[in-house]
Amino acid sequence: MWNEKMAARAKCREIDPDALFVQGAAQNRAKLICRGCPVRTQCLAEALDSRIEFGVWGGMTERERRALLRRRKDVSNWYELLTSAERNYERKRTDQEAVRAAGVPAAAQR
């Protein structure tokens, strides 16, 4: 589901694309580019759904993606799974922030 709108928001749009297609320790530096990217989840989902073999995508190396694909053979749509998980995480975080803002004691939140 990767599209031009997402590409326009990606942090990596401003760097040399070759910086994401490196080997060894340079991959860890490349993964840092993905930190805080607003489309990181969608980028990773695209790489997993399309079985992209090379480069750092969504903060994961090709080796990390292959290992994930081996562990989760049951997943047929990474985009759906990852974006759904991201929405749930954001919803819970927002709910927790609202509770804190309301001044509800931590013990009462359980």
# chains A, B, ... in the order shown; residues from 1 in each chain; ligands from 1
>>> residues_around(residues="stretch 15-30 of chain A", least_positions_apart="6", cutoff="10 Å", atoms="only C-alpha atoms", output="PyMOL selection string")
chain A and resi 54-57+59-62
>>> closest_residue(among="A:Ala101, A:Arg71, A:Gln42, A:Arg66", to="A:Ala85", atoms="only C-alpha atoms")
A:Gln42
>>> atom_distance(atom1="atom CA of A:Arg35", atom2="atom CA of A:Arg91")
20.4 Å
>>> residues_around(residues="A:Glu4", least_positions_apart="6", cutoff="12 Å", atoms="only C-alpha atoms", output="VMD selection string")
chain A and resid 10 13 39 43
>>> write_last_selection(atoms="N, CA and C atoms", output="CSV table (one decimal), in the first residue's frame")
chain,number,residue,atom,x,y,z
A,10,ALA,N,8.3,10.5,4.1
A,10,ALA,CA,9.4,9.7,4.6
A,10,ALA,C,10.6,10.5,4.9
A,13,ARG,N,13.6,10.6,2.3
A,13,ARG,CA,13.5,11.3,1.0
A,13,ARG,C,14.5,12.3,0.9
A,39,VAL,N,6.2,7.4,8.5
A,39,VAL,CA,5.7,6.3,7.7
A,39,VAL,C,6.5,5.1,7.9
A,43,CYS,N,6.3,1.6,5.6
A,43,CYS,CA,7.5,1.3,4.9
A,43,CYS,C,7.9,-0.2,5.2
>>> closest_residue(among="A:Arg9, A:Gly36, A:Trp2, A:Asp95", to="A:Leu48", atoms="only C-alpha atoms")
A:Trp2
>>> atom_distance(atom1="atom CA of A:Lys31", atom2="atom CA of A:Gly58")
7.9 Å
